[in-house]
$ cat input-v4.cif   # mmCIF, C-alpha atoms
data_upload
#
loop_
_atom_site.label_atom_id
_atom_site.label_comp_id
_atom_site.auth_asym_id
_atom_site.auth_seq_id
_atom_site.Cartn_x
_atom_site.Cartn_y
_atom_site.Cartn_z
CA MET A 1 -22.41 -35.85 -3.63
CA LYS A 2 -23.35 -39.43 -2.69
CA LYS A 3 -24.43 -41.00 0.58
CA ILE A 4 -22.05 -43.89 1.21
CA LEU A 5 -22.24 -46.53 3.91
CA LEU A 6 -18.69 -47.53 4.83
CA THR A 7 -18.04 -50.50 7.10
CA GLY A 8 -14.73 -50.76 8.94
CA SER A 9 -14.52 -46.98 9.06
CA ALA A 10 -12.20 -46.98 12.11
CA GLY A 11 -9.90 -49.48 10.41
CA PHE A 12 -6.69 -48.92 8.49
CA ILE A 13 -8.12 -48.77 4.97
CA GLY A 14 -11.58 -47.63 6.00
CA SER A 15 -10.41 -44.53 7.86
CA ALA A 16 -8.16 -43.49 4.98
CA LEU A 17 -11.05 -43.94 2.56
CA ALA A 18 -13.42 -41.97 4.81
CA LEU A 19 -11.06 -39.00 4.70
CA ARG A 20 -11.00 -39.04 0.90
CA LEU A 21 -14.76 -39.44 0.56
CA LEU A 22 -15.43 -36.55 2.95
CA ALA A 23 -12.83 -34.37 1.25
CA ARG A 24 -14.63 -34.70 -2.08
CA GLY A 25 -18.03 -33.89 -0.56
CA ASP A 26 -19.67 -37.27 -0.01
CA ILE A 27 -21.86 -38.06 3.00
CA VAL A 28 -20.40 -41.01 4.91
CA ILE A 29 -22.18 -43.35 7.31
CA GLY A 30 -19.40 -45.23 9.09
CA ILE A 31 -19.85 -48.59 10.78
CA ASP A 32 -17.27 -50.22 13.05
CA ASN A 33 -17.53 -52.55 16.04
CA HIS A 34 -14.22 -51.36 17.59
CA ASN A 35 -13.28 -54.91 18.62
CA ASN A 36 -10.05 -55.68 20.46
CA TYR A 37 -8.34 -57.80 17.79
CA TYR A 38 -5.69 -55.08 18.09
CA ASP A 39 -5.40 -51.96 20.26
CA PRO A 40 -8.78 -50.15 20.12
CA ALA A 41 -6.98 -46.90 21.01
CA LEU A 42 -5.49 -46.82 17.50
CA LYS A 43 -8.98 -47.16 16.02
CA GLU A 44 -10.20 -44.30 18.18
CA ALA A 45 -7.25 -42.16 17.08
CA ARG A 46 -7.97 -42.85 13.42
CA LEU A 47 -11.60 -41.94 13.95
CA ARG A 48 -10.76 -38.64 15.62
CA ARG A 49 -9.32 -37.39 12.33
CA PHE A 50 -12.83 -37.00 10.88
CA ALA A 51 -15.46 -37.91 13.51
CA GLY A 52 -16.48 -34.25 13.90
CA HIS A 53 -17.02 -33.69 10.17
CA PRO A 54 -20.58 -32.47 9.44
CA ASN A 55 -21.02 -35.09 6.70
CA TYR A 56 -19.93 -38.02 8.88
CA THR A 57 -22.11 -40.25 11.09
CA HIS A 58 -20.57 -43.06 13.13
CA LEU A 59 -22.37 -46.24 14.18
CA ARG A 60 -20.71 -48.59 16.67
CA ILE A 61 -22.33 -51.84 15.62
CA ASP A 62 -21.24 -55.30 14.53
CA LEU A 63 -21.92 -56.71 11.07
CA ALA A 64 -23.22 -59.88 12.72
CA ASP A 65 -25.98 -57.84 14.43
CA ARG A 66 -28.68 -58.28 11.81
CA PRO A 67 -31.31 -55.91 13.30
CA ALA A 68 -28.72 -53.14 13.75
CA ILE A 69 -27.46 -53.45 10.17
CA GLU A 70 -31.00 -53.48 8.81
CA ALA A 71 -31.81 -50.39 10.87
CA ALA A 72 -28.72 -48.60 9.54
CA PHE A 73 -29.80 -49.21 5.93
CA ALA A 74 -33.40 -48.23 6.65
CA GLU A 75 -32.50 -45.00 8.44
CA HIS A 76 -29.68 -43.76 6.22
CA ALA A 77 -30.65 -45.15 2.77
CA PRO A 78 -27.13 -45.17 1.29
CA ALA A 79 -26.71 -44.93 -2.48
CA ARG A 80 -23.49 -46.94 -2.39
CA VAL A 81 -21.82 -49.29 0.07
CA VAL A 82 -18.14 -50.06 0.69
CA ASN A 83 -17.67 -53.13 2.88
CA LEU A 84 -14.19 -53.16 4.42
CA ALA A 85 -15.12 -54.55 7.84
CA ALA A 86 -13.88 -58.09 8.39
CA GLN A 87 -12.02 -60.25 10.83
CA ALA A 88 -8.53 -59.97 9.39
CA GLY A 89 -5.37 -62.02 9.74
CA VAL A 90 -4.27 -65.35 8.29
CA ARG A 91 -2.54 -66.62 11.44
CA TYR A 92 -5.39 -65.63 13.76
CA SER A 93 -7.80 -67.62 11.60
CA ILE A 94 -5.93 -70.84 12.35
CA GLU A 95 -6.66 -70.53 16.08
CA ASN A 96 -10.00 -68.67 15.95
CA PRO A 97 -11.85 -69.88 12.85
CA LEU A 98 -15.38 -69.12 14.06
CA ALA A 99 -14.61 -65.42 14.37
CA TYR A 100 -14.29 -65.39 10.58
CA ILE A 101 -17.64 -67.08 10.07
CA ASP A 102 -19.43 -64.51 12.25
CA SER A 103 -17.90 -61.42 10.68
CA ASN A 104 -16.83 -62.38 7.17
CA ILE A 105 -19.68 -64.72 6.24
CA VAL A 106 -22.71 -63.90 8.41
CA GLY A 107 -21.85 -60.20 8.54
CA PHE A 108 -21.34 -59.98 4.79
CA ALA A 109 -24.70 -61.69 4.21
CA HIS A 110 -26.34 -58.92 6.25
CA ILE A 111 -24.64 -56.30 4.06
CA LEU A 112 -25.84 -58.04 0.90
CA GLU A 113 -29.39 -58.18 2.22
CA GLY A 114 -29.26 -54.49 3.13
CA CYS A 115 -28.11 -53.64 -0.38
CA ARG A 116 -30.84 -55.77 -1.96
CA ARG A 117 -33.69 -54.48 0.16
CA HIS A 118 -32.74 -50.81 -0.09
CA GLY A 119 -31.87 -50.44 -3.77
CA VAL A 120 -28.12 -49.78 -3.38
CA GLU A 121 -26.65 -48.81 -6.75
CA HIS A 122 -23.17 -50.30 -6.16
CA LEU A 123 -21.50 -52.51 -3.57
CA VAL A 124 -17.70 -52.51 -3.38
CA TYR A 125 -16.20 -55.01 -0.97
CA ALA A 126 -12.74 -56.06 0.20
CA SER A 127 -11.42 -59.38 -0.97
CA SER A 128 -7.79 -60.42 -0.61
CA SER A 129 -4.76 -61.76 -2.46
CA SER A 130 -5.05 -64.67 -0.01
CA VAL A 131 -7.76 -66.18 -2.22
CA TYR A 132 -5.05 -67.33 -4.66
CA GLY A 133 -4.02 -69.90 -2.05
CA ALA A 134 -2.11 -72.84 -3.48
CA ASN A 135 -1.89 -71.25 -6.95
CA THR A 136 1.74 -70.69 -7.97
CA ALA A 137 1.25 -69.17 -11.44
CA MET A 138 2.65 -65.63 -11.38
CA PRO A 139 1.50 -62.91 -11.59
CA PHE A 140 -1.83 -63.68 -9.95
CA SER A 141 -4.64 -62.91 -12.39
CA VAL A 142 -8.37 -62.58 -11.77
CA ARG A 143 -8.69 -65.20 -14.49
CA HIS A 144 -6.85 -67.80 -12.40
CA ASN A 145 -8.62 -70.50 -10.44
CA VAL A 146 -8.96 -69.65 -6.73
CA ASP A 147 -10.50 -72.86 -5.42
CA HIS A 148 -7.67 -73.91 -3.09
CA PRO A 149 -7.45 -71.47 -0.13
CA LEU A 150 -4.80 -72.16 2.52
CA SER A 151 -6.59 -70.53 5.47
CA LEU A 152 -10.15 -69.95 6.62
CA TYR A 153 -9.55 -66.22 6.20
CA ALA A 154 -8.84 -66.81 2.50
CA ALA A 155 -11.83 -69.14 2.23
CA SER A 156 -14.10 -66.49 3.77
CA LYS A 157 -12.95 -63.94 1.18
CA LYS A 158 -13.57 -66.36 -1.69
CA ALA A 159 -16.98 -67.02 -0.16
CA ASN A 160 -17.69 -63.26 -0.22
CA GLU A 161 -17.00 -63.18 -3.94
CA LEU A 162 -19.37 -66.12 -4.53
CA MET A 163 -22.08 -64.65 -2.31
CA ALA A 164 -21.84 -61.30 -4.10
CA HIS A 165 -22.13 -63.03 -7.47
CA ALA A 166 -25.33 -64.79 -6.39
CA TYR A 167 -26.87 -61.45 -5.41
CA SER A 168 -25.68 -59.82 -8.63
CA HIS A 169 -27.23 -62.64 -10.66
CA LEU A 170 -30.50 -62.94 -8.75
CA TYR A 171 -31.22 -59.32 -7.86
CA GLY A 172 -29.16 -57.28 -10.33
CA LEU A 173 -26.98 -55.81 -7.55
CA PRO A 174 -23.82 -54.30 -9.09
CA ALA A 175 -20.96 -55.67 -6.99
CA THR A 176 -17.20 -55.19 -7.28
CA GLY A 177 -14.69 -57.23 -5.28
CA LEU A 178 -11.18 -55.86 -4.74
CA ARG A 179 -8.36 -58.27 -4.00
CA PHE A 180 -5.93 -56.20 -1.93
CA PHE A 181 -2.25 -57.11 -1.90
CA THR A 182 -0.36 -56.54 1.43
CA VAL A 183 -1.44 -53.02 2.28
CA TYR A 184 0.97 -50.87 4.31
CA GLY A 185 1.48 -47.25 5.31
CA PRO A 186 0.70 -44.70 8.07
CA TRP A 187 -2.06 -45.65 10.51
CA GLY A 188 -1.56 -49.33 9.62
CA ARG A 189 -2.49 -52.40 11.62
CA PRO A 190 -0.24 -53.44 14.55
CA ASP A 191 -0.61 -57.11 13.62
CA MET A 192 1.10 -56.62 10.25
CA ALA A 193 4.79 -57.05 9.53
CA LEU A 194 5.79 -53.40 9.04
CA PHE A 195 4.32 -52.35 12.39
CA LYS A 196 5.81 -55.34 14.23
CA PHE A 197 9.23 -54.99 12.62
CA THR A 198 9.43 -51.26 13.33
CA ARG A 199 8.57 -51.75 16.99
CA ALA A 200 11.06 -54.60 17.39
CA ILE A 201 13.94 -52.82 15.64
CA LEU A 202 13.48 -49.68 17.74
CA ALA A 203 13.29 -51.77 20.90
CA GLY A 204 16.39 -53.77 19.98
CA GLU A 205 14.40 -57.01 19.89
CA THR A 206 14.85 -59.94 17.54
CA LEU A 207 12.52 -60.17 14.54
CA PRO A 208 10.97 -63.57 13.71
CA VAL A 209 11.47 -63.74 9.93
CA PHE A 210 9.49 -66.56 8.36
CA ASN A 211 10.40 -68.58 5.26
CA TYR A 212 13.96 -67.44 6.05
CA GLY A 213 13.04 -64.06 4.58
CA ARG A 214 12.85 -65.45 1.06
CA HIS A 215 9.15 -65.11 0.32
CA LYS A 216 7.97 -62.16 -1.74
CA ARG A 217 5.02 -59.84 -1.21
CA ASP A 218 3.41 -57.31 -3.52
CA PHE A 219 3.42 -54.51 -0.92
CA THR A 220 0.83 -51.84 -1.81
CA TYR A 221 0.77 -48.37 -0.28
CA ILE A 222 -2.42 -47.23 1.43
CA ASP A 223 -2.98 -44.19 -0.82
CA ASP A 224 -2.81 -46.43 -3.90
CA ILE A 225 -5.40 -48.77 -2.41
CA VAL A 226 -7.77 -45.90 -1.61
CA GLU A 227 -7.44 -44.46 -5.10
CA GLY A 228 -8.30 -47.86 -6.56
CA ILE A 229 -11.39 -48.11 -4.34
CA LEU A 230 -12.59 -44.67 -5.39
CA ARG A 231 -12.20 -45.35 -9.09
CA THR A 232 -14.11 -48.61 -8.93
CA LEU A 233 -16.75 -47.20 -6.56
CA ASP A 234 -17.61 -44.46 -9.05
CA SER A 235 -18.17 -46.99 -11.87
CA PRO A 236 -20.79 -49.55 -10.85
CA ALA A 237 -20.01 -53.05 -12.06
CA SER A 238 -21.61 -54.00 -15.36
CA PRO A 239 -22.16 -57.34 -17.13
CA ASN A 240 -19.49 -58.62 -19.49
CA PRO A 241 -21.28 -58.96 -22.86
CA GLY A 242 -18.66 -61.44 -24.02
CA TRP A 243 -19.05 -63.78 -21.06
CA ARG A 244 -19.88 -67.36 -21.99
CA GLY A 245 -20.80 -70.25 -19.71
CA GLY A 246 -18.95 -72.67 -21.96
CA ALA A 247 -15.66 -70.88 -21.26
CA PRO A 248 -16.36 -68.78 -18.16
CA ASP A 249 -14.14 -65.82 -17.28
CA PRO A 250 -13.59 -66.01 -13.47
CA GLY A 251 -13.07 -62.23 -13.22
CA SER A 252 -16.39 -61.13 -14.70
CA SER A 253 -19.91 -62.39 -15.38
CA GLU A 254 -23.07 -62.02 -17.40
CA ALA A 255 -24.32 -60.46 -14.15
CA PRO A 256 -23.14 -56.99 -12.98
CA TRP A 257 -20.25 -58.50 -11.01
CA ARG A 258 -16.48 -57.95 -11.25
CA VAL A 259 -13.31 -58.64 -9.30
CA TYR A 260 -10.02 -56.76 -9.59
CA ASN A 261 -6.52 -57.04 -8.15
CA ILE A 262 -5.08 -53.93 -6.50
CA GLY A 263 -1.35 -54.41 -6.03
CA ASN A 264 1.88 -52.62 -6.79
CA SER A 265 2.93 -55.33 -9.30
CA ARG A 266 6.50 -55.16 -7.96
CA PRO A 267 7.04 -58.09 -5.57
CA VAL A 268 9.72 -57.49 -2.95
CA GLU A 269 11.58 -60.17 -1.02
CA LEU A 270 11.01 -59.89 2.72
CA LEU A 271 14.74 -59.42 3.44
CA ASP A 272 14.78 -56.46 1.04
CA TYR A 273 11.68 -55.06 2.74
CA ILE A 274 13.48 -55.23 6.08
CA ALA A 275 16.55 -53.58 4.55
CA ALA A 276 14.40 -50.65 3.37
CA LEU A 277 12.97 -50.34 6.87
CA GLU A 278 16.47 -50.39 8.39
CA THR A 279 17.40 -47.51 6.10
CA ALA A 280 14.34 -45.48 7.08
CA LEU A 281 14.95 -46.10 10.79
CA GLY A 282 18.73 -45.73 10.65
CA LYS A 283 19.07 -48.89 12.71
CA LYS A 284 19.92 -52.53 11.93
CA ALA A 285 17.55 -55.39 12.65
CA LYS A 286 18.28 -58.52 14.65
CA MET A 287 16.66 -61.47 12.87
CA GLU A 288 15.72 -65.06 13.65
CA LEU A 289 15.16 -66.91 10.38
CA LEU A 290 12.28 -69.41 10.60
CA PRO A 291 10.30 -71.73 8.27
CA LEU A 292 7.17 -70.58 6.44
CA GLN A 293 4.14 -70.50 8.73
CA PRO A 294 1.06 -72.65 8.06
CA GLY A 295 -1.60 -70.84 6.03
CA ASN A 296 0.80 -68.39 4.41
CA VAL A 297 1.58 -68.42 0.70
CA PRO A 298 5.23 -68.15 -0.39
CA ASP A 299 4.79 -65.28 -2.86
CA THR A 300 2.23 -62.77 -4.14
CA PHE A 301 2.33 -60.77 -7.37
CA ALA A 302 -0.66 -58.85 -8.74
CA ASP A 303 -1.64 -58.65 -12.38
CA VAL A 304 -3.48 -55.30 -12.50
CA ASP A 305 -4.00 -55.08 -16.26
CA ASP A 306 -7.81 -55.06 -15.87
CA LEU A 307 -7.63 -52.22 -13.36
CA ALA A 308 -5.38 -50.25 -15.72
CA ALA A 309 -7.47 -50.94 -18.81
CA GLN A 310 -10.85 -50.16 -17.28
CA PHE A 311 -9.94 -47.37 -14.87
CA ASP A 312 -6.68 -46.01 -16.27
CA TYR A 313 -4.98 -46.71 -12.96
CA ARG A 314 -1.96 -48.61 -11.64
CA PRO A 315 -0.65 -48.35 -8.06
CA ALA A 316 2.83 -46.86 -8.21
CA THR A 317 4.14 -45.59 -4.84
CA PRO A 318 7.81 -46.66 -4.48
CA LEU A 319 8.44 -48.97 -1.52
CA ALA A 320 11.20 -46.79 -0.03
CA GLN A 321 8.91 -43.75 -0.02
CA GLY A 322 6.00 -45.66 1.47
CA ILE A 323 8.13 -47.09 4.28
CA ALA A 324 9.67 -43.68 5.00
CA ASN A 325 6.15 -42.22 5.28
CA PHE A 326 5.18 -44.97 7.71
CA VAL A 327 8.27 -44.48 9.87
CA ALA A 328 7.66 -40.72 10.06
CA TRP A 329 4.06 -41.37 11.17
CA TYR A 330 5.13 -44.05 13.66
CA ARG A 331 7.68 -41.77 15.33
CA ASP A 332 5.11 -39.01 15.59
CA TYR A 333 2.27 -41.22 16.84
CA PHE A 334 4.37 -42.88 19.55
CA SER A 335 6.45 -39.74 20.28
CA ILE A 336 9.75 -41.40 19.37
CA SER A 337 12.66 -39.12 18.59
CA ALA A 338 15.27 -39.79 15.92
CA ASP A 339 17.71 -41.01 18.62
CA GLY A 340 15.19 -43.62 19.78
CA GLY A 341 13.72 -41.82 22.76
CA GLY A 342 10.05 -42.46 23.49
CA SER A 343 7.95 -45.57 23.79
CA PRO A 344 7.83 -47.76 20.65
CA GLN A 345 4.83 -49.76 21.81
CA ALA A 346 2.02 -50.82 19.52
#

$ encode --input "input-v4.cif" --output "structure tokens"
Amino acid sequence: MKKILLTGSAGFIGSALALRLLARGDIVIGIDNHNNYYDPALKEARLRRFAGHPNYTHLRIDLADRPAIEAAFAEHAPARVVNLAAQAGVRYSIENPLAYIDSNIVGFAHILEGCRRHGVEHLVYASSSSVYGANTAMPFSVRHNVDHPLSLYAASKKANELMAHAYSHLYGLPATGLRFFTVYGPWGRPDMALFKFTRAILAGETLPVFNYGRHKRDFTYIDDIVEGILRTLDSPASPNPGWRGGAPDPGSSEAPWRVYNIGNSRPVELLDYIAALETALGKKAKMELLPLQPGNVPDTFADVDDLAAQFDYRPATPLAQGIANFVAWYRDYFSISADGGGSPQA
């Protein structure tokens, strides 16, 4: 049994992780600010799945609130921390860049300080495949250069990795960054493609399909992401004894700091993704093919060899199964019958 502070606990990934942590007997201190970036009712519904658990405590605070975060560490003294709270979304960052500074930079600094001052034995934090930016070498490896982000969201995630490394080097804080690749599944975010496409298809609306549907994404099912978090969480990051400053390995360090990709390693073209969704829904999509949006990368493809070698784990949920699971949840959550009755509103 461990006491774990989990930020973003009412979020998509955070709520799924909270369920797994509680199921195995951990004590979870959840933090979430319940902002209105998307429908707060969905966050409340996720939270209701475990809010009454005797080993769960929920704190409605913002990462940018330094006194509140410090008080949470002081009162609850977590052994480990999982930081999943962040302002998400590539497109939103183009119009609202300062929101990413407040949450993803300032907020993460408060988490790092809490870990340092209260002797946390391991920090695991969410990074993103977006950090690969302008890199076109496939598959994306943690040994690739990630110095050319294409959005402030991506830049904030790269900054998190750098900030964590500084704390690992200076204070010996074991820190593991996880670069998630296009997470999907039940209880997902309404601002992501699967949620939007499902709603539009059921409503008979036209889907905006960017890059003419030709870009590829390494879609990764939520359960696979959670399993990857758990395996890394239980093994605090350690120094790489073979690391050398003359030929530095970007994925490890002489400090207790590591980064890993978590992706399905099976990129799928967006048009094929939509076809799988059409099959699950039993309904054809109407599509408007459009150019690639600013800030988005054309393709993603995760090299997860380090994850497999060090944790004996590779995400493996088939796309068709994952989409079918999402559609079943969506119909149930919004009370939509197989013939389309109900209200497909996100």

$ resolve_selection --input "input-v4.cif" --expression "the PyMOL selection byres ((chain A and resi 118) around 9)" --output "compact mmCIF listing (two decimals) with C-alpha atoms, in the frame of the given file"
# COMPACT_ATOMS: atom_id res chain seq x y z
CA PHE A 73 -29.80 -49.21 5.93
CA ALA A 74 -33.40 -48.23 6.65
CA ALA A 77 -30.65 -45.15 2.77
CA PRO A 78 -27.13 -45.17 1.29
CA ALA A 79 -26.71 -44.93 -2.48
CA GLU A 113 -29.39 -58.18 2.22
CA GLY A 114 -29.26 -54.49 3.13
CA CYS A 115 -28.11 -53.64 -0.38
CA ARG A 116 -30.84 -55.77 -1.96
CA ARG A 117 -33.69 -54.48 0.16
CA GLY A 119 -31.87 -50.44 -3.77
CA VAL A 120 -28.12 -49.78 -3.38

$ resolve_selection --input "input-v4.cif" --expression "the PyMOL selection byres ((chain A and resi 47-53) around 9)" --output "PyMOL selection string"
chain A and resi 9-11+15+18-19+22+42-46+54-58

$ resolve_selection --input "input-v4.cif" --expression "the PyMOL selection byres ((chain A and resi 292) around 9)" --output "PyMOL selection string"
chain A and resi 209-213+215+290-291+293-298

$ closest_residue --input "input-v4.cif" --among "A:Gln87, A:Arg214, A:Glu161, A:Val82" --to "A:Leu21" --atoms "all atoms listed in the file"
A:Val82

$ atom_distance --input "input-v4.cif" --atom1 "atom CA of A:Phe197" --atom2 "atom CA of A:Ala85"
24.8 Å

$ residues_around --input "input-v4.cif" --residues "A:Ser253" --least-positions-apart "3" --cutoff "7 Å" --atoms "all atoms listed in the file" --output "MDAnalysis selection string"
chainID A and resid 239:240 243 249 256:258

$ closest_residue --input "input-v4.cif" --among "A:Phe326, A:Leu152, A:Pro139, A:Leu59" --to "A:Leu98" --atoms "all atoms listed in the file"
A:Leu152

$ residues_around --input "input-v4.cif" --residues "stretch 165-182 of chain A" --least-positions-apart "6" --cutoff "7 Å" --atoms "all atoms listed in the file" --output "list in words"
Arg116, Glu121, His122, Leu123, Val124, Tyr125, Ala126, Ser127, Ser128, Ser129, Arg217, Asp218, Phe219, Thr220, Pro236, Ala237, Ser238, Ala255, Pro256, Trp257, Arg258, Val259, Tyr260, Asn261, Ile262 and Gly263 of chain A

$ atom_distance --input "input-v4.cif" --atom1 "atom CA of A:Ala68" --atom2 "atom CA of A:Asp191"
28.4 Å

$ residues_around --input "input-v4.cif" --residues "A:Pro186" --least-positions-apart "6" --cutoff "10 Å" --atoms "only C-alpha atoms" --output "ChimeraX atom specification"
/A:12,16,195,221-223,322-330,333

$ atom_distance --input "input-v4.cif" --atom1 "atom CA of A:Phe311" --atom2 "atom CA of A:Asp224"
13.1 Å

$ closest_residue --input "input-v4.cif" --among "A:Asn160, A:Asn36, A:Thr206, A:Ser141" --to "A:Ser265" --atoms "all atoms listed in the file"
A:Ser141

$ closest_residue --input "input-v4.cif" --among "A:Thr300, A:Pro318, A:Gly14, A:Ala155" --to "A:Thr136" --atoms "all atoms listed in the file"
A:Thr300

$ residues_around --input "input-v4.cif" --residues "A:Leu281" --least-positions-apart "5" --cutoff "9 Å" --atoms "all atoms listed in the file" --output "tab-separated table (two decimals) with C-alpha atoms, keeping the file's coordinate frame"
chain	number	residue	atom	x	y	z
A	198	THR	CA	9.43	-51.26	13.33
A	201	ILE	CA	13.94	-52.82	15.64
A	202	LEU	CA	13.48	-49.68	17.74
A	276	ALA	CA	14.40	-50.65	3.37
A	324	ALA	CA	9.67	-43.68	5.00
A	327	VAL	CA	8.27	-44.48	9.87
A	338	ALA	CA	15.27	-39.79	15.92

$ axis_aligned_box --input "input-v4.cif" --around "stretch 301-313 of chain A" --padding-each-side "3 Å" --output "AutoDock Vina command-line options"
--center_x -4.3 --center_y -53.4 --center_z -13.1 --size_x 19.2 --size_y 20.8 --size_z 17.4

$ residues_near_point --input "input-v4.cif" --point "(10.2, -54.9, 1.8)" --cutoff "9 Å" --atoms "all atoms listed in the file" --output "list in words"
Leu194, Lys216, Arg217, Asp218, Phe219, Pro267, Val268, Glu269, Leu270, Leu271, Asp272, Tyr273, Ile274, Ala275, Ala276, Leu277, Leu319, Ala320 and Ile323 of chain A

$ build_atoms --input "input-v4.cif" --residues "stretch 14-28 of chain A" --atoms "N, CA, C and O atoms" --output "mmCIF file, in the frame of the given file"
data_model
loop_
_atom_site.group_PDB
_atom_site.id
_atom_site.type_symbol
_atom_site.label_atom_id
_atom_site.label_comp_id
_atom_site.auth_asym_id
_atom_site.auth_seq_id
_atom_site.Cartn_x
_atom_site.Cartn_y
_atom_site.Cartn_z
ATOM 1 N N GLY A 14 -10.318 -48.339 5.905
ATOM 2 C CA GLY A 14 -11.580 -47.630 6.000
ATOM 3 C C GLY A 14 -11.443 -46.182 6.424
ATOM 4 O O GLY A 14 -12.105 -45.293 5.879
ATOM 5 N N SER A 15 -10.570 -45.914 7.399
ATOM 6 C CA SER A 15 -10.410 -44.530 7.860
ATOM 7 C C SER A 15 -9.750 -43.666 6.788
ATOM 8 O O SER A 15 -10.104 -42.495 6.614
ATOM 9 N N ALA A 16 -8.799 -44.244 6.059
ATOM 10 C CA ALA A 16 -8.160 -43.490 4.980
ATOM 11 C C ALA A 16 -9.161 -43.190 3.863
ATOM 12 O O ALA A 16 -9.159 -42.101 3.271
ATOM 13 N N LEU A 17 -10.033 -44.163 3.573
ATOM 14 C CA LEU A 17 -11.050 -43.940 2.560
ATOM 15 C C LEU A 17 -12.070 -42.899 3.022
ATOM 16 O O LEU A 17 -12.508 -42.052 2.226
ATOM 17 N N ALA A 18 -12.461 -42.951 4.286
ATOM 18 C CA ALA A 18 -13.420 -41.970 4.810
ATOM 19 C C ALA A 18 -12.917 -40.547 4.613
ATOM 20 O O ALA A 18 -13.681 -39.653 4.210
ATOM 21 N N LEU A 19 -11.639 -40.332 4.873
ATOM 22 C CA LEU A 19 -11.060 -39.000 4.700
ATOM 23 C C LEU A 19 -11.193 -38.520 3.255
ATOM 24 O O LEU A 19 -11.537 -37.360 2.996
ATOM 25 N N ARG A 20 -10.913 -39.413 2.309
ATOM 26 C CA ARG A 20 -11.000 -39.040 0.900
ATOM 27 C C ARG A 20 -12.442 -38.788 0.469
ATOM 28 O O ARG A 20 -12.726 -37.842 -0.283
ATOM 29 N N LEU A 21 -13.365 -39.622 0.923
ATOM 30 C CA LEU A 21 -14.760 -39.440 0.560
ATOM 31 C C LEU A 21 -15.295 -38.118 1.094
ATOM 32 O O LEU A 21 -15.990 -37.371 0.391
ATOM 33 N N LEU A 22 -14.971 -37.805 2.347
ATOM 34 C CA LEU A 22 -15.430 -36.550 2.950
ATOM 35 C C LEU A 22 -14.799 -35.350 2.261
ATOM 36 O O LEU A 22 -15.465 -34.323 2.047
ATOM 37 N N ALA A 23 -13.535 -35.478 1.889
ATOM 38 C CA ALA A 23 -12.830 -34.370 1.250
ATOM 39 C C ALA A 23 -13.453 -34.007 -0.096
ATOM 40 O O ALA A 23 -13.415 -32.844 -0.517
ATOM 41 N N ARG A 24 -14.042 -34.998 -0.770
ATOM 42 C CA ARG A 24 -14.630 -34.700 -2.080
ATOM 43 C C ARG A 24 -16.128 -34.381 -1.977
ATOM 44 O O ARG A 24 -16.797 -34.184 -2.995
ATOM 45 N N GLY A 25 -16.669 -34.354 -0.753
ATOM 46 C CA GLY A 25 -18.030 -33.890 -0.560
ATOM 47 C C GLY A 25 -19.076 -34.944 -0.333
ATOM 48 O O GLY A 25 -20.269 -34.627 -0.243
ATOM 49 N N ASP A 26 -18.691 -36.223 -0.246
ATOM 50 C CA ASP A 26 -19.670 -37.270 -0.010
ATOM 51 C C ASP A 26 -20.157 -37.263 1.440
ATOM 52 O O ASP A 26 -19.475 -36.766 2.342
ATOM 53 N N ILE A 27 -21.324 -37.838 1.660
ATOM 54 C CA ILE A 27 -21.860 -38.060 3.000
ATOM 55 C C ILE A 27 -21.512 -39.500 3.368
ATOM 56 O O ILE A 27 -21.799 -40.427 2.612
ATOM 57 N N VAL A 28 -20.902 -39.690 4.518
ATOM 58 C CA VAL A 28 -20.400 -41.010 4.910
ATOM 59 C C VAL A 28 -21.086 -41.475 6.193
ATOM 60 O O VAL A 28 -21.084 -40.765 7.201
#
